[in-house]
Amino acid sequence: MDLQGIGAIAAAVVAAIAVPAALLAGRWQMRAALRTAEETGRTGIAQAEATYRAALDTVRAEASVTHLQWRRGVRREAYTSFLLASQRVTEAAQRLRNECFDLPTADMDTLRDELRGAARALREAALIVSLEGPDNIADIANRIREGTYNVADALSHEADLLEAWGSLERACQDEEQSARAVVRGLRDALLQLRARVQEDSFRGDHRALADGVPAAITEARNAVRRAFAAIPPGILPRSARTLEDMQFNGLSRVLSTYSDASGDLTAARDDFISAARIELEGAHRNP
């Protein structure tokens, strides 16, 4: 074989070795590139997941803070509205008591309607507090509601008594001669009943005595009922029937009831305000 043939064979052998080597090197390079790409992809995915989780946590935290602030605002509004509703009831009852001497019956009925409307508003406000909670504040709210009603009842009863006596006194002066005589007869009978009650050592309601009402008081009471029966319709207001109760130490009992109820209401309001402040400030500091 000449040199040219040997060179061709050698070249062919080299080429045969170089091609697989190139293919093998290319495969290694491809695998390395794929591994690099995979690592880069995993790193990118991990970073994306971390970024997403961080963003999600931020959104959740902001949403939680926003929700707690909204809830705090709702509770604050409920608590404030409830306290104001309680105050409106007591103010309406006080107006009724303060005006009972000067206003005609129609205007007094208007004040009574205002008091009933304020009482309904208080019930509604108390229900909202019970809904919003928490339980300890809802419990105190129930104390305030009952205390407010007790104060209003005492003031309303006092207003009935004073209105009735004022109407009786005015009727003694304003009515025509025939009616004036029977009205004054009722007033005299009531004063006699009061005198008989005050003569007795018992300072409660004699009508509740287990051993019965003393004879002198029973006689005076019957005289009052006969005097009431003689009054023509329309001269005295409906509250005039409370005049008998007034003579049985009724006014002093009402004033005592009002004093107790007012003290209980003041204490309940103070407890409510303290508990509400703790609840609202706690929600503000610890969202």
# chains A, B, ... in the order shown; residues from 1 in each chain; ligands from 1

call {"tool": "closest_atom_pairs", "arguments": {"of": "stretch 123-174 of chain A", "to": "stretch 233-237 of chain A", "cutoff": "7 Å", "atoms": "only C-alpha atoms", "output": "tab-separated table"}}
result
residue	atom	partner	partner_atom	distance
A:Ala164	CA	A:Pro237	CA	6.8
A:Ser167	CA	A:Leu236	CA	6.3
A:Leu168	CA	A:Leu236	CA	6.8

call {"tool": "write_last_selection", "arguments": {"atoms": "all heavy atoms", "output": "PDB file, in the first residue's frame"}}
result
ATOM      1  N   ALA A 164    -101.777  64.309  89.148  1.00  0.00           N
ATOM      2  CA  ALA A 164    -103.117  64.100  89.695  1.00  0.00           C
ATOM      3  C   ALA A 164    -103.435  65.117  90.783  1.00  0.00           C
ATOM      4  O   ALA A 164    -104.533  65.697  90.813  1.00  0.00           O
ATOM      5  CB  ALA A 164    -103.232  62.674  90.230  1.00  0.00           C
ATOM      6  N   SER A 167    -103.907  68.561  89.240  1.00  0.00           N
ATOM      7  CA  SER A 167    -105.212  68.652  88.572  1.00  0.00           C
ATOM      8  C   SER A 167    -106.333  68.818  89.588  1.00  0.00           C
ATOM      9  O   SER A 167    -107.288  69.572  89.353  1.00  0.00           O
ATOM     10  CB  SER A 167    -105.445  67.391  87.730  1.00  0.00           C
ATOM     11  OG  SER A 167    -104.467  67.274  86.721  1.00  0.00           O
ATOM     12  N   LEU A 168    -106.208  68.117  90.696  1.00  0.00           N
ATOM     13  CA  LEU A 168    -107.224  68.236  91.747  1.00  0.00           C
ATOM     14  C   LEU A 168    -107.250  69.653  92.313  1.00  0.00           C
ATOM     15  O   LEU A 168    -108.331  70.245  92.507  1.00  0.00           O
ATOM     16  CB  LEU A 168    -106.928  67.223  92.851  1.00  0.00           C
ATOM     17  CG  LEU A 168    -107.880  67.221  94.054  1.00  0.00           C
ATOM     18  CD1 LEU A 168    -109.296  66.839  93.619  1.00  0.00           C
ATOM     19  CD2 LEU A 168    -107.373  66.268  95.132  1.00  0.00           C
TER      20      LEU A 168
END

call {"tool": "residues_around", "arguments": {"residues": "A:Arg207", "least_positions_apart": "6", "cutoff": "12 Å", "atoms": "only C-alpha atoms", "output": "VMD selection string"}}
result
chain A and resid 197 213 to 215 217 to 218 221 244 to 245 247 to 250

call {"tool": "residues_around", "arguments": {"residues": "A:Pro104", "least_positions_apart": "4", "cutoff": "12 Å", "atoms": "only C-alpha atoms", "output": "list in words"}}
result
Leu96, Glu99, Cys100, Met108, Asp109, Thr110, Leu111, Glu163, Ala164, Gly166, Ser167, Arg170, Leu236 and Pro237 of chain A

call {"tool": "atom_distance", "arguments": {"atom1": "atom CA of A:Ser86", "atom2": "atom CA of A:Asp160"}}
result
21.5 Å

call {"tool": "closest_residue", "arguments": {"among": "A:Ala118, A:Ala125, A:Ala171, A:Glu132", "to": "A:Arg75", "atoms": "only C-alpha atoms"}}
result
A:Glu132

call {"tool": "closest_residue", "arguments": {"among": "A:Arg112, A:Arg71, A:Arg76, A:Arg120", "to": "A:Ile273", "atoms": "only C-alpha atoms"}}
result
A:Arg76

call {"tool": "atom_distance", "arguments": {"atom1": "atom CA of A:Thr257", "atom2": "atom CA of A:Val151"}}
result
8.0 Å

call {"tool": "atom_distance", "arguments": {"atom1": "atom CA of A:Ile140", "atom2": "atom CA of A:Asp271"}}
result
7.1 Å

call {"tool": "closest_residue", "arguments": {"among": "A:Leu191, A:Leu161, A:Ile231, A:Leu186", "to": "A:Met246", "atoms": "only C-alpha atoms"}}
result
A:Leu161

call {"tool": "select_by_dssp", "arguments": {"residues": "stretch 48-280 of chain A", "states": "alpha helix (DSSP H)", "output": "count of residues only"}}
result
192

call {"tool": "residues_around", "arguments": {"residues": "A:Val182", "least_positions_apart": "3", "cutoff": "8 Å", "atoms": "only C-alpha atoms", "output": "VMD selection string"}}
result
chain A and resid 178 to 179 185 to 186 227 230 to 231

call {"tool": "residues_around", "arguments": {"residues": "A:Arg277", "least_positions_apart": "2", "cutoff": "12 Å", "atoms": "only C-alpha atoms", "output": "list in words"}}
result
Arg72, Arg75, Arg76, Tyr79, Thr80, Ile137, Asp270, Asp271, Phe272, Ile273, Ser274, Ala275, Glu279, Leu280, Glu281, Gly282, Ala283 and His284 of chain A
